[in-house]
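Source file model_2.cif; content: mmCIF, C-alpha atoms.
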data_run
#
loop_
_atom_site.label_atom_id
_atom_site.label_comp_id
_atom_site.auth_asym_id
_atom_site.auth_seq_id
_atom_site.Cartn_x
_atom_site.Cartn_y
_atom_site.Cartn_z
CA MET A 1 157.28 129.42 -9.68
CA LEU A 2 155.84 128.23 -12.97
CA ALA A 3 153.15 130.66 -14.10
CA ARG A 4 152.00 128.54 -17.06
CA PRO A 5 153.15 124.93 -16.78
CA LEU A 6 152.30 122.19 -19.23
CA LEU A 7 150.79 119.32 -17.21
CA CYS A 8 151.47 116.09 -19.02
CA GLY A 9 149.75 112.84 -18.11
CA TYR A 10 147.19 110.24 -19.06
CA TYR A 11 144.36 112.73 -18.79
CA GLY A 12 141.02 112.85 -20.56
CA GLU A 13 141.02 109.09 -21.14
CA HIS A 14 137.80 108.48 -19.17
CA ASN A 15 139.78 106.96 -16.32
CA ILE A 16 138.62 108.09 -12.88
CA GLY A 17 142.01 107.32 -11.34
CA ASP A 18 143.90 109.60 -13.71
CA ASP A 19 141.24 112.29 -13.34
CA ALA A 20 141.80 112.07 -9.57
CA LEU A 21 145.54 112.54 -10.13
CA LEU A 22 144.89 115.63 -12.25
CA GLN A 23 142.53 117.00 -9.60
CA ALA A 24 145.22 116.53 -6.94
CA LEU A 25 147.88 118.15 -9.14
CA LEU A 26 145.75 121.18 -9.97
CA SER A 27 144.97 121.71 -6.29
CA ALA A 28 148.71 121.61 -5.49
CA LEU A 29 149.59 124.39 -7.96
CA PRO A 30 149.73 128.00 -6.78
CA ALA A 31 146.35 129.68 -7.22
CA GLU A 32 147.70 132.14 -9.81
CA ALA A 33 149.11 129.43 -12.11
CA LYS A 34 147.45 129.02 -15.52
CA PRO A 35 148.27 125.48 -16.62
CA CYS A 36 147.74 123.82 -19.96
CA VAL A 37 146.81 120.13 -19.72
CA THR A 38 147.49 117.35 -22.22
CA ALA A 39 144.21 115.50 -22.78
CA ALA A 40 142.64 112.95 -25.08
CA ASP A 41 139.06 114.14 -24.55
CA GLN A 42 139.88 117.82 -24.44
CA GLN A 43 136.29 118.99 -24.10
CA GLN A 44 135.73 116.83 -21.02
CA VAL A 45 138.88 118.10 -19.30
CA GLN A 46 138.14 121.73 -20.19
CA GLN A 47 134.58 121.53 -18.85
CA ARG A 48 135.47 119.60 -15.71
CA PHE A 49 138.58 121.47 -14.62
CA GLY A 50 138.32 124.85 -16.33
CA VAL A 51 141.78 124.63 -17.94
CA THR A 52 143.19 125.04 -21.42
CA THR A 53 144.24 121.80 -23.11
CA CYS A 54 146.17 120.33 -26.00
CA ASP A 55 145.80 117.00 -27.80
CA ARG A 56 147.97 114.51 -25.88
CA ARG A 57 147.79 111.99 -28.73
CA ARG A 58 149.53 114.33 -31.18
CA LEU A 59 153.14 115.03 -30.29
CA ARG A 60 153.38 118.07 -32.55
CA ALA A 61 150.38 119.68 -30.88
CA THR A 62 151.86 118.97 -27.46
CA LEU A 63 155.23 120.42 -28.47
CA ARG A 64 153.49 123.58 -29.73
CA ALA A 65 151.73 123.90 -26.40
CA LEU A 66 155.04 123.43 -24.57
CA ALA A 67 156.52 126.32 -26.58
CA ASP A 68 153.85 128.59 -25.07
CA CYS A 69 154.45 127.35 -21.51
CA ASP A 70 157.25 128.11 -19.06
CA GLY A 71 157.87 124.59 -17.80
CA LEU A 72 156.88 120.92 -18.01
CA ILE A 73 155.33 118.84 -15.22
CA LEU A 74 154.91 115.10 -15.74
CA GLY A 75 152.14 114.55 -13.25
CA GLY A 76 151.30 111.31 -11.47
CA GLY A 77 151.26 107.71 -12.62
CA SER A 78 154.13 105.92 -14.37
CA LEU A 79 154.91 107.81 -17.56
CA LEU A 80 158.55 106.84 -18.05
CA GLN A 81 157.98 103.17 -18.84
CA ASP A 82 158.00 100.87 -21.85
CA SER A 83 155.30 98.36 -20.94
CA THR A 84 152.79 100.39 -22.98
CA SER A 85 155.28 100.70 -25.84
CA TRP A 86 158.75 101.97 -26.72
CA ARG A 87 157.03 104.81 -28.60
CA SER A 88 155.35 105.95 -25.39
CA LEU A 89 158.75 106.40 -23.73
CA LEU A 90 160.01 108.27 -26.80
CA TYR A 91 157.00 110.63 -26.56
CA TYR A 92 157.90 111.74 -23.05
CA ALA A 93 161.61 111.83 -23.92
CA ALA A 94 160.83 114.25 -26.75
CA LEU A 95 158.95 116.53 -24.37
CA ILE A 96 161.70 116.50 -21.75
CA LEU A 97 164.43 117.17 -24.30
CA SER A 98 162.43 119.94 -25.98
CA ALA A 99 161.77 121.65 -22.64
CA ARG A 100 165.43 121.57 -21.66
CA LEU A 101 166.57 122.82 -25.08
CA GLN A 102 164.25 125.79 -24.54
CA GLY A 103 165.75 126.38 -21.09
CA LYS A 104 162.54 125.39 -19.31
CA PRO A 105 162.45 123.34 -16.11
CA VAL A 106 161.11 119.77 -16.03
CA ILE A 107 159.44 118.35 -12.92
CA LEU A 108 158.58 114.69 -12.39
CA TRP A 109 155.70 114.91 -9.92
CA ALA A 110 154.57 111.88 -7.90
CA GLN A 111 155.95 109.59 -10.57
CA GLY A 112 156.42 105.87 -10.75
CA LEU A 113 159.42 104.80 -12.83
CA GLY A 114 159.27 101.72 -15.03
CA PRO A 115 158.95 99.02 -15.91
CA LEU A 116 161.85 99.55 -18.30
CA ARG A 117 162.19 96.12 -19.86
CA ARG A 118 164.39 97.02 -22.82
CA ARG A 119 168.09 97.83 -22.50
CA ARG A 120 167.62 100.86 -24.76
CA SER A 121 164.80 102.08 -22.48
CA ARG A 122 167.07 102.00 -19.44
CA ALA A 123 169.81 103.72 -21.42
CA LEU A 124 167.42 106.48 -22.51
CA ALA A 125 166.05 106.96 -18.97
CA SER A 126 169.61 107.22 -17.60
CA ARG A 127 170.17 110.19 -19.92
CA LEU A 128 166.81 111.84 -19.28
CA LEU A 129 166.78 111.74 -15.47
CA PRO A 130 169.79 114.08 -14.98
CA LEU A 131 167.95 116.68 -17.11
CA VAL A 132 165.06 116.83 -14.63
CA SER A 133 165.01 119.92 -12.39
CA ALA A 134 163.08 118.29 -9.53
CA ALA A 135 161.28 115.02 -8.86
CA SER A 136 159.14 113.21 -6.32
CA TRP A 137 158.32 109.52 -6.42
CA ARG A 138 155.24 107.58 -5.37
CA ASP A 139 157.16 104.46 -4.24
CA ARG A 140 160.62 103.49 -3.03
CA GLN A 141 161.21 101.07 -5.90
CA SER A 142 160.89 103.91 -8.42
CA ALA A 143 163.17 106.17 -6.40
CA ALA A 144 165.79 103.43 -6.10
CA LEU A 145 165.63 102.74 -9.85
CA ALA A 146 166.02 106.46 -10.60
CA GLN A 147 169.09 106.63 -8.39
CA ARG A 148 170.63 103.57 -10.05
CA LEU A 149 170.02 104.99 -13.53
CA ALA A 150 170.94 108.63 -12.84
CA GLY A 151 173.44 108.28 -10.02
CA VAL A 152 173.63 110.46 -6.93
CA SER A 153 171.81 113.34 -8.67
CA ARG A 154 168.49 111.65 -7.90
CA GLY A 155 169.39 110.33 -4.46
CA MET A 156 167.63 113.06 -2.47
CA ASP A 157 164.27 113.04 -4.27
CA PRO A 158 161.33 112.71 -1.85
CA VAL A 159 159.25 109.53 -1.80
CA ALA A 160 155.63 109.89 -0.69
CA ALA A 161 152.22 108.22 -0.96
CA ASP A 162 150.05 108.65 -4.04
CA PRO A 163 148.79 112.27 -4.29
CA VAL A 164 145.17 111.12 -4.66
CA TRP A 165 145.27 110.72 -0.87
CA THR A 166 145.17 114.53 -0.64
CA LEU A 167 141.65 114.77 -2.10
CA PRO A 168 138.94 115.81 0.41
CA ALA A 169 137.67 113.00 2.63
CA MET A 170 134.11 111.74 3.01
CA HIS A 171 132.31 110.30 6.03
CA TRP A 172 131.57 106.58 5.97
CA ARG A 173 127.89 105.68 6.49
CA GLY A 174 127.85 102.23 4.93
CA ARG A 175 127.30 99.75 7.76
CA GLY A 176 125.03 97.11 6.26
CA GLY A 177 125.54 98.63 2.81
CA PRO A 178 126.33 96.99 -0.55
CA ILE A 179 129.51 95.30 -1.67
CA VAL A 180 131.21 97.59 -4.18
CA LEU A 181 133.67 96.36 -6.80
CA ALA A 182 136.45 98.35 -8.47
CA TRP A 183 137.55 95.45 -10.68
CA ARG A 184 139.26 95.38 -14.04
CA PRO A 185 140.05 92.78 -16.72
CA SER A 186 143.48 91.20 -16.32
CA SER A 187 145.56 88.80 -18.37
CA LEU A 188 146.52 87.18 -15.05
CA LEU A 189 142.99 85.83 -14.63
CA SER A 190 141.85 82.75 -16.54
CA ASP A 191 138.21 81.78 -16.77
CA ALA A 192 138.82 79.38 -13.90
CA ASP A 193 140.29 82.22 -11.81
CA TRP A 194 137.28 84.41 -12.52
CA GLY A 195 135.14 81.47 -11.41
CA VAL A 196 136.98 81.41 -8.06
CA LEU A 197 136.55 85.16 -7.54
CA LEU A 198 132.87 85.09 -8.43
CA GLN A 199 132.22 82.05 -6.25
CA ALA A 200 133.82 83.82 -3.28
CA LEU A 201 131.89 87.01 -4.00
CA ASN A 202 128.63 85.13 -4.35
CA ALA A 203 129.12 83.39 -1.00
CA LEU A 204 129.88 86.70 0.73
CA ALA A 205 126.88 88.46 -0.79
CA GLU A 206 124.49 85.57 -0.03
CA GLN A 207 125.67 85.08 3.56
CA ASN A 208 125.15 88.76 4.31
CA ASP A 209 122.27 89.48 1.91
CA ARG A 210 124.05 92.39 0.22
CA PRO A 211 123.62 93.86 -3.26
CA VAL A 212 126.76 94.03 -5.42
CA LEU A 213 127.66 97.21 -7.34
CA TRP A 214 130.18 97.08 -10.19
CA LEU A 215 131.91 100.46 -10.64
CA PRO A 216 134.17 100.74 -13.73
CA LEU A 217 137.02 103.16 -13.06
CA HIS A 218 138.24 103.04 -16.65
CA ASP A 219 135.17 103.40 -18.82
CA ILE A 220 136.66 101.61 -21.83
CA GLN A 221 138.61 98.83 -20.11
CA ASP A 222 136.33 98.09 -17.15
CA GLY A 223 132.91 99.03 -18.49
CA GLY A 224 130.78 96.00 -19.33
CA LEU A 225 132.97 93.56 -17.35
CA MET A 226 129.98 92.35 -15.38
CA GLN A 227 128.00 91.69 -18.56
CA ARG A 228 130.90 89.89 -20.23
CA LEU A 229 131.27 87.55 -17.26
CA LYS A 230 127.55 86.82 -17.44
CA GLU A 231 127.73 86.08 -21.15
CA GLN A 232 130.67 83.73 -20.60
CA GLU A 233 128.50 81.91 -18.03
CA LEU A 234 131.11 82.44 -15.33
CA MET A 235 128.81 84.26 -12.92
CA PRO A 236 126.47 82.33 -10.61
CA GLU A 237 122.83 83.19 -11.28
CA THR A 238 122.27 84.25 -7.67
CA LEU A 239 125.16 86.73 -7.94
CA ALA A 240 123.92 88.04 -11.27
CA ALA A 241 120.50 88.67 -9.74
CA ARG A 242 121.90 90.93 -7.03
CA SER A 243 124.51 92.68 -9.25
CA ARG A 244 124.32 95.89 -11.25
CA GLU A 245 126.83 98.16 -12.94
CA ILE A 246 126.93 101.89 -12.26
CA ARG A 247 128.85 104.13 -14.69
CA LEU A 248 130.58 107.02 -12.97
CA GLN A 249 132.50 110.00 -14.32
CA ARG A 250 134.15 111.75 -11.37
CA PRO A 251 136.30 110.66 -8.41
CA GLU A 252 133.84 112.15 -5.93
CA GLU A 253 131.05 110.02 -7.40
CA LEU A 254 133.06 106.89 -6.71
CA MET A 255 133.83 108.12 -3.20
CA ALA A 256 130.12 108.74 -2.57
CA GLN A 257 129.33 105.14 -3.56
CA ALA A 258 132.18 103.87 -1.37
CA SER A 259 131.04 105.93 1.61
CA ALA A 260 127.73 104.04 1.53
CA ALA A 261 129.33 100.59 1.06
CA GLY A 262 129.76 97.80 3.57
CA LEU A 263 132.93 96.75 1.73
CA VAL A 264 134.89 97.86 -1.32
CA LEU A 265 136.87 95.17 -3.14
CA ALA A 266 139.44 97.04 -5.20
CA MET A 267 141.63 95.77 -8.00
CA ARG A 268 142.34 99.28 -9.29
CA LEU A 269 144.93 101.26 -7.29
CA HIS A 270 142.88 104.44 -7.21
CA GLY A 271 139.73 102.48 -6.45
CA LEU A 272 141.51 101.37 -3.27
CA ILE A 273 142.71 104.87 -2.39
CA LEU A 274 139.44 106.68 -3.13
CA ALA A 275 137.44 104.08 -1.17
CA ALA A 276 139.73 104.38 1.84
CA ARG A 277 139.58 108.20 1.56
CA ALA A 278 135.80 107.82 1.81
CA GLY A 279 136.33 105.90 5.05
CA ALA A 280 135.02 102.63 3.64
CA PRO A 281 136.12 99.11 4.62
CA VAL A 282 138.46 97.91 1.87
CA SER A 283 140.24 94.80 0.65
CA ALA A 284 142.52 94.68 -2.39
CA LEU A 285 143.25 92.28 -5.24
CA SER A 286 146.73 92.92 -6.62
CA TYR A 287 147.27 92.63 -10.38
CA ASP A 288 150.34 94.88 -10.11
CA PRO A 289 152.97 95.39 -7.36
CA LYS A 290 151.81 99.00 -6.95
CA VAL A 291 148.46 97.76 -5.59
CA ALA A 292 150.11 95.41 -3.09
CA ALA A 293 152.51 98.19 -2.02
CA ALA A 294 149.66 100.64 -1.45
CA ALA A 295 147.67 98.05 0.50
CA ASP A 296 150.68 97.22 2.68
CA ALA A 297 151.33 100.90 3.38
CA LEU A 298 147.69 101.31 4.39
CA GLY A 299 147.56 98.13 6.46
CA CYS A 300 144.83 96.81 4.20
CA PRO A 301 144.41 93.07 3.51
CA TRP A 302 145.10 92.01 -0.07
CA ALA A 303 145.33 88.90 -2.20
CA ASP A 304 147.56 88.32 -5.20
CA LEU A 305 146.00 87.29 -8.49
CA GLN A 306 148.81 84.80 -9.11
CA PRO A 307 148.52 82.47 -7.35
CA LEU A 308 144.91 83.22 -6.44
CA PRO A 309 143.73 82.01 -3.01
CA SER A 310 140.82 79.57 -2.79
CA ALA A 311 137.26 80.83 -2.92
CA GLN A 312 136.79 79.87 0.71
CA ALA A 313 139.90 81.76 1.83
CA LEU A 314 138.80 84.87 -0.06
CA THR A 315 135.29 84.76 1.41
CA ILE A 316 136.66 84.41 4.95
CA SER A 317 139.07 87.34 4.45
CA TRP A 318 136.39 89.57 2.94
CA GLN A 319 133.92 88.65 5.67
CA GLN A 320 136.39 89.85 8.30
CA GLN A 321 136.58 93.24 6.58
CA LEU A 322 132.85 93.68 5.99
CA ASP A 323 131.53 96.71 7.90
CA HIS A 324 134.95 97.20 9.56
CA PRO A 325 136.70 100.35 8.29
CA LEU A 326 140.45 100.74 8.57
CA PRO A 327 141.83 102.72 11.53
CA SER A 328 141.69 106.44 10.87
CA ALA A 329 145.35 106.76 11.89
CA ALA A 330 146.40 104.55 8.98
CA ILE A 331 144.58 106.78 6.53
CA ALA A 332 145.89 109.97 8.16
CA ALA A 333 149.46 108.69 7.76
CA GLN A 334 148.95 108.25 4.01
CA VAL A 335 147.41 111.72 3.68
CA GLN A 336 150.32 113.28 5.55
CA SER A 337 152.84 111.42 3.41
CA ALA A 338 151.13 112.39 0.14
CA ALA A 339 151.24 116.07 1.09
CA GLN A 340 155.01 116.02 0.49
CA HIS A 341 154.41 116.12 -3.27
CA ARG A 342 152.88 119.58 -2.86
CA GLU A 343 156.18 120.95 -1.54
CA LEU A 344 157.72 120.39 -4.97
CA LEU A 345 155.33 122.93 -6.53
CA LYS A 346 155.43 125.67 -3.90
CA PRO A 347 156.94 129.02 -4.92
CA ALA A 348 160.49 129.46 -3.67
CA THR A 349 160.70 131.82 -0.70
CA PRO A 350 163.21 134.67 -0.96
#

Show me, as C-alpha cells, the structure contained in the file I just sent.
Amino acid sequence: MLARPLLCGYYGEHNIGDDALLQALLSALPAEAKPCVTAADQQQVQQRFGVTTCDRRRLRATLRALADCDGLILGGGSLLQDSTSWRSLLYYAALILSARLQGKPVILWAQGLGPLRRRRSRALASRLLPLVSAASWRDRQSAALAQRLAGVSRGMDPVAADPVWTLPAMHWRGRGGPIVLAWRPSSLLSDADWGVLLQALNALAEQNDRPVLWLPLHDIQDGGLMQRLKEQELMPETLAARSREIRLQRPEELMAQASAAGLVLAMRLHGLILAARAGAPVSALSYDPKVAAAADALGCPWADLQPLPSAQALTISWQQQLDHPLPSAAIAAQVQSAAQHRELLKPATP
C-alpha cells in the first residue's frame, strides 16, 4: 500500500470534470493514505480536498514532491498523449522515469492512452509502459494500444468505465424542468454549425416552454460561450431571452442542477456522466470518440459534430429524451464497471 502517493493529473485547472476525477481517486485510496496532489490552483485544491499539493506547472517542484512520496499515481484522463504537446508527454515521462529510478512504483489509474500522433511519441510510450507497476484503462481502445506498444506485459490490465461513475448518486426531480447545457467550444463547429445547434435548441425550448441553463464545466474554456454566441449574432433572440449562464465550482453543484433538469445536453464527457449519475435525461454531442464511446456504453443517444445532423433531426431526437431518464440498470452497470479501478489501489492482503 502506498502511504504517501503523488497523485498526478490535470487538477486545480478550474475544470469540474477533472475535479470529479480527483474526488473519485481520493475516495478510492485507503483512509490512512496521505497523498500529495499536483495542482495548478493549489489553494483551491487544498481548501476543497484537504490535501497537500505541489505546483503541477513546474516540473522541478513536482519532482521534489515525488522525492518525498513513496509512489506515483497518474490519475484519470488521458495524460500520456501528444495532442496537447510533445512537451506534455515528456513531463509525464520524466515523472515515471524518476519514480522508477528511485525504486518507487508507478500506477496508471483509469487512464486513456493517446492520441500519440508522432512516431517518437509512440516510441517513448513503448519504453515507458513496461516500467509501470500496475494500470487500469477507461476504454478498450487505450488498453489495446497499450498492449500493442508494450507487448504482453500490458495484456491483463483491467478496462472499466470512467471512475466519476463512482461518485454518490442524486435523485432526479426534474420533470418539466429546464434544458441544461454542458457545451464547450470546438474547432469542429463552424458558425453555420453553431447556427444549426442553436436553431434546434430554440425549437425544443419554445415547443416545451423551457428555460435554458448554460453550465460551463471548464471555467476558462467554456465560460462566456453563451455570451460569445450572442455577440456573433448566432443565437435566436427568443433563445437568448430564455437563456442564462450559471458558473459552478464543484461536481455536486452540477449534479444538483442536472437533477432538476428536464434534459441535459452534454458535449463534455463528465457533463454526460455527472448528469446521468444525477438520474437526469441525457443526450450527447460527440466532439471526441471518448464521448461517443461513453454514450454507447450507457445506451444514451448521441450525435456527432462532423457531420452534424439537421436542426430538425436534432430537435426530434432531443424531444424524445425530454423528461425521460435512462433506465436505472444502464447506470448501475456503469457504476459497477467503474468500481474495478478501486481494486488497483486496495492494500494487498497477506

### Query
How would you write, as JSON, numbers by chain, the residues chosen by the PyMOL selection byres ((chain A and resi 343) around 12) on this structure?
{"A": [1, 25, 28, 29, 30, 109, 110, 134, 135, 136, 157, 158, 159, 160, 163, 336, 337, 338, 339, 340, 341, 342, 344, 345, 346, 347, 348, 349]}

Selection above as a file: C-alpha atoms, as a compact mmCIF listing (two decimals), in the frame of the given file:
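Now in out_39.txt:
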# COMPACT_ATOMS: atom_id res chain seq x y z
CA MET A 1 157.28 129.42 -9.68
CA LEU A 25 147.88 118.15 -9.14
CA ALA A 28 148.71 121.61 -5.49
CA LEU A 29 149.59 124.39 -7.96
CA PRO A 30 149.73 128.00 -6.78
CA TRP A 109 155.70 114.91 -9.92
CA ALA A 110 154.57 111.88 -7.90
CA ALA A 134 163.08 118.29 -9.53
CA ALA A 135 161.28 115.02 -8.86
CA SER A 136 159.14 113.21 -6.32
CA ASP A 157 164.27 113.04 -4.27
CA PRO A 158 161.33 112.71 -1.85
CA VAL A 159 159.25 109.53 -1.80
CA ALA A 160 155.63 109.89 -0.69
CA PRO A 163 148.79 112.27 -4.29
CA GLN A 336 150.32 113.28 5.55
CA SER A 337 152.84 111.42 3.41
CA ALA A 338 151.13 112.39 0.14
CA ALA A 339 151.24 116.07 1.09
CA GLN A 340 155.01 116.02 0.49
CA HIS A 341 154.41 116.12 -3.27
CA ARG A 342 152.88 119.58 -2.86
CA LEU A 344 157.72 120.39 -4.97
CA LEU A 345 155.33 122.93 -6.53
CA LYS A 346 155.43 125.67 -3.90
CA PRO A 347 156.94 129.02 -4.92
CA ALA A 348 160.49 129.46 -3.67
CA THR A 349 160.70 131.82 -0.70

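For Leu215 in chain A, the set of protein, DNA and RNA residues having any atom at most 8 Å away, when counting only C-alpha atoms and skipping those fewer than 3 positions along the same chain, is Val180, Leu181, Ala182, Trp183, Glu245, Ile246, Arg247, Leu248 and Leu254 of chain A.
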
The distance between CA of Arg242 in chain A and CA of Gln221 in chain A is 22.6 Å

message = Given the PyMOL selection byres ((chain A and resi 310-325) around 10) and the file above, list the residues it selects as a ChimeraX atom specification.
response = /A:172-179,193,195-205,207-208,261-265,276,278-284,300-303,307-309,326-328

Those residues you just picked out, can you put them in a file as a PDB file, keeping the file's coordinate frame with C-alpha atoms?
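Resulting contents of again05.pdb:
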ATOM      1  CA  TRP A 172     131.570 106.580   5.970  1.00  0.00           C
ATOM      2  CA  ARG A 173     127.890 105.680   6.490  1.00  0.00           C
ATOM      3  CA  GLY A 174     127.850 102.230   4.930  1.00  0.00           C
ATOM      4  CA  ARG A 175     127.300  99.750   7.760  1.00  0.00           C
ATOM      5  CA  GLY A 176     125.030  97.110   6.260  1.00  0.00           C
ATOM      6  CA  GLY A 177     125.540  98.630   2.810  1.00  0.00           C
ATOM      7  CA  PRO A 178     126.330  96.990  -0.550  1.00  0.00           C
ATOM      8  CA  ILE A 179     129.510  95.300  -1.670  1.00  0.00           C
ATOM      9  CA  ASP A 193     140.290  82.220 -11.810  1.00  0.00           C
ATOM     10  CA  GLY A 195     135.140  81.470 -11.410  1.00  0.00           C
ATOM     11  CA  VAL A 196     136.980  81.410  -8.060  1.00  0.00           C
ATOM     12  CA  LEU A 197     136.550  85.160  -7.540  1.00  0.00           C
ATOM     13  CA  LEU A 198     132.870  85.090  -8.430  1.00  0.00           C
ATOM     14  CA  GLN A 199     132.220  82.050  -6.250  1.00  0.00           C
ATOM     15  CA  ALA A 200     133.820  83.820  -3.280  1.00  0.00           C
ATOM     16  CA  LEU A 201     131.890  87.010  -4.000  1.00  0.00           C
ATOM     17  CA  ASN A 202     128.630  85.130  -4.350  1.00  0.00           C
ATOM     18  CA  ALA A 203     129.120  83.390  -1.000  1.00  0.00           C
ATOM     19  CA  LEU A 204     129.880  86.700   0.730  1.00  0.00           C
ATOM     20  CA  ALA A 205     126.880  88.460  -0.790  1.00  0.00           C
ATOM     21  CA  GLN A 207     125.670  85.080   3.560  1.00  0.00           C
ATOM     22  CA  ASN A 208     125.150  88.760   4.310  1.00  0.00           C
ATOM     23  CA  ALA A 261     129.330 100.590   1.060  1.00  0.00           C
ATOM     24  CA  GLY A 262     129.760  97.800   3.570  1.00  0.00           C
ATOM     25  CA  LEU A 263     132.930  96.750   1.730  1.00  0.00           C
ATOM     26  CA  VAL A 264     134.890  97.860  -1.320  1.00  0.00           C
ATOM     27  CA  LEU A 265     136.870  95.170  -3.140  1.00  0.00           C
ATOM     28  CA  ALA A 276     139.730 104.380   1.840  1.00  0.00           C
ATOM     29  CA  ALA A 278     135.800 107.820   1.810  1.00  0.00           C
ATOM     30  CA  GLY A 279     136.330 105.900   5.050  1.00  0.00           C
ATOM     31  CA  ALA A 280     135.020 102.630   3.640  1.00  0.00           C
ATOM     32  CA  PRO A 281     136.120  99.110   4.620  1.00  0.00           C
ATOM     33  CA  VAL A 282     138.460  97.910   1.870  1.00  0.00           C
ATOM     34  CA  SER A 283     140.240  94.800   0.650  1.00  0.00           C
ATOM     35  CA  ALA A 284     142.520  94.680  -2.390  1.00  0.00           C
ATOM     36  CA  CYS A 300     144.830  96.810   4.200  1.00  0.00           C
ATOM     37  CA  PRO A 301     144.410  93.070   3.510  1.00  0.00           C
ATOM     38  CA  TRP A 302     145.100  92.010  -0.070  1.00  0.00           C
ATOM     39  CA  ALA A 303     145.330  88.900  -2.200  1.00  0.00           C
ATOM     40  CA  PRO A 307     148.520  82.470  -7.350  1.00  0.00           C
ATOM     41  CA  LEU A 308     144.910  83.220  -6.440  1.00  0.00           C
ATOM     42  CA  PRO A 309     143.730  82.010  -3.010  1.00  0.00           C
ATOM     43  CA  LEU A 326     140.450 100.740   8.570  1.00  0.00           C
ATOM     44  CA  PRO A 327     141.830 102.720  11.530  1.00  0.00           C
ATOM     45  CA  SER A 328     141.690 106.440  10.870  1.00  0.00           C
TER      46      SER A 328
END

So which residues fall inside 7 Å of (168.9, 105.8, -16.1) if we count all atoms listed in the file? Mind giving them as a PyMOL selection string?
chain A and resi 122-127+129+146+148-150

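As for CA of Gly114 in chain A and CA of Leu79 in chain A, they are spaced 7.9 Å apart.
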
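The coordinates place CA of Gly77 in chain A at 9.3 Å from CA of Gly17 in chain A.
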
Restricting to only C-alpha atoms, whichever of A:Met170, A:Leu89, A:Cys54, A:Leu269 is closest to Arg117 in chain A is A:Leu89

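Of the listed residues A:Met267, A:Ala161, A:Leu6, A:Ala241, the one whose atoms come nearest to Ala297 in chain A is A:Ala161, with distances taken using only C-alpha atoms.
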
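Distances to Pro251 in chain A were evaluated for A:Pro289, A:Pro236, A:Gly75, A:Pro216 using all atoms listed in the file, and the minimum falls at A:Pro216.
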
*Which residues, written as a count of residues only, have at least one atom at most 12 Å from Gly12 in chain A, with only C-alpha atoms counted and residues fewer than 4 positions away on the same chain left out?*
31

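Nearest residue to Ala333 in chain A among A:Leu66, A:Ala293, A:Leu298, A:Leu2 is A:Leu298, counting only C-alpha atoms.
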
(message) Taking 3 positions as the minimum chain separation for residues in the same chain, which residues sit within 8 Å of Cys36 in chain A when counting only C-alpha atoms? Answer as an MDAnalysis selection string.
(response) chainID A and resid 4:7 51:54 65 69

- Item | Expected selection from the PyMOL selection byres ((chain A and resi 277) around 9), given as a PyMOL selection string | chain A and resi 164-171+255+259+272-276+278-280+331+335

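Of the residues listed (A:Ala143, A:Leu128, A:Leu239, A:Gly76), A:Leu239 shows the shortest atom-to-atom separation from Val212 in chain A; distances use all atoms listed in the file.
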
Which residues, written as a list in words, have at least one atom at most 10 Å from Gln102 in chain A, with all atoms listed in the file counted and residues fewer than 5 positions away on the same chain left out?
Leu66, Ala67, Asp70, Gly71 and Leu97 of chain A

Got a moment to write range 288-322 of chain A out with C-alpha atoms, as a tab-separated table (two decimals), in the first residue's frame?
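Written out: decode.tsv:
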chain	number	residue	atom	x	y	z
A	288	ASP	CA	-14.29	13.31	-29.34
A	289	PRO	CA	-14.59	9.50	-29.65
A	290	LYS	CA	-14.49	9.20	-25.85
A	291	VAL	CA	-17.89	10.95	-25.64
A	292	ALA	CA	-19.46	8.67	-28.25
A	293	ALA	CA	-17.98	5.60	-26.51
A	294	ALA	CA	-19.36	6.66	-23.13
A	295	ALA	CA	-22.79	7.37	-24.63
A	296	ASP	CA	-22.85	3.98	-26.37
A	297	ALA	CA	-21.87	2.19	-23.16
A	298	LEU	CA	-24.67	3.99	-21.34
A	299	GLY	CA	-27.25	3.45	-24.09
A	300	CYS	CA	-27.61	7.19	-24.44
A	301	PRO	CA	-28.48	8.83	-27.79
A	302	TRP	CA	-25.73	10.99	-29.29
A	303	ALA	CA	-24.96	12.98	-32.40
A	304	ASP	CA	-21.57	13.54	-33.99
A	305	LEU	CA	-20.38	17.09	-34.60
A	306	GLN	CA	-18.99	16.10	-38.00
A	307	PRO	CA	-21.17	15.67	-39.91
A	308	LEU	CA	-23.78	17.44	-37.80
A	309	PRO	CA	-27.40	16.27	-38.23
A	310	SER	CA	-30.04	18.75	-39.37
A	311	ALA	CA	-31.70	21.05	-36.87
A	312	GLN	CA	-34.97	19.19	-37.32
A	313	ALA	CA	-33.36	15.80	-36.67
A	314	LEU	CA	-31.68	17.11	-33.52
A	315	THR	CA	-34.90	18.63	-32.19
A	316	ILE	CA	-36.81	15.38	-32.77
A	317	SER	CA	-34.11	13.32	-31.01
A	318	TRP	CA	-33.92	15.70	-28.05
A	319	GLN	CA	-37.71	15.84	-27.78
A	320	GLN	CA	-37.80	12.06	-27.41
A	321	GLN	CA	-35.40	12.27	-24.47
A	322	LEU	CA	-37.06	15.20	-22.70
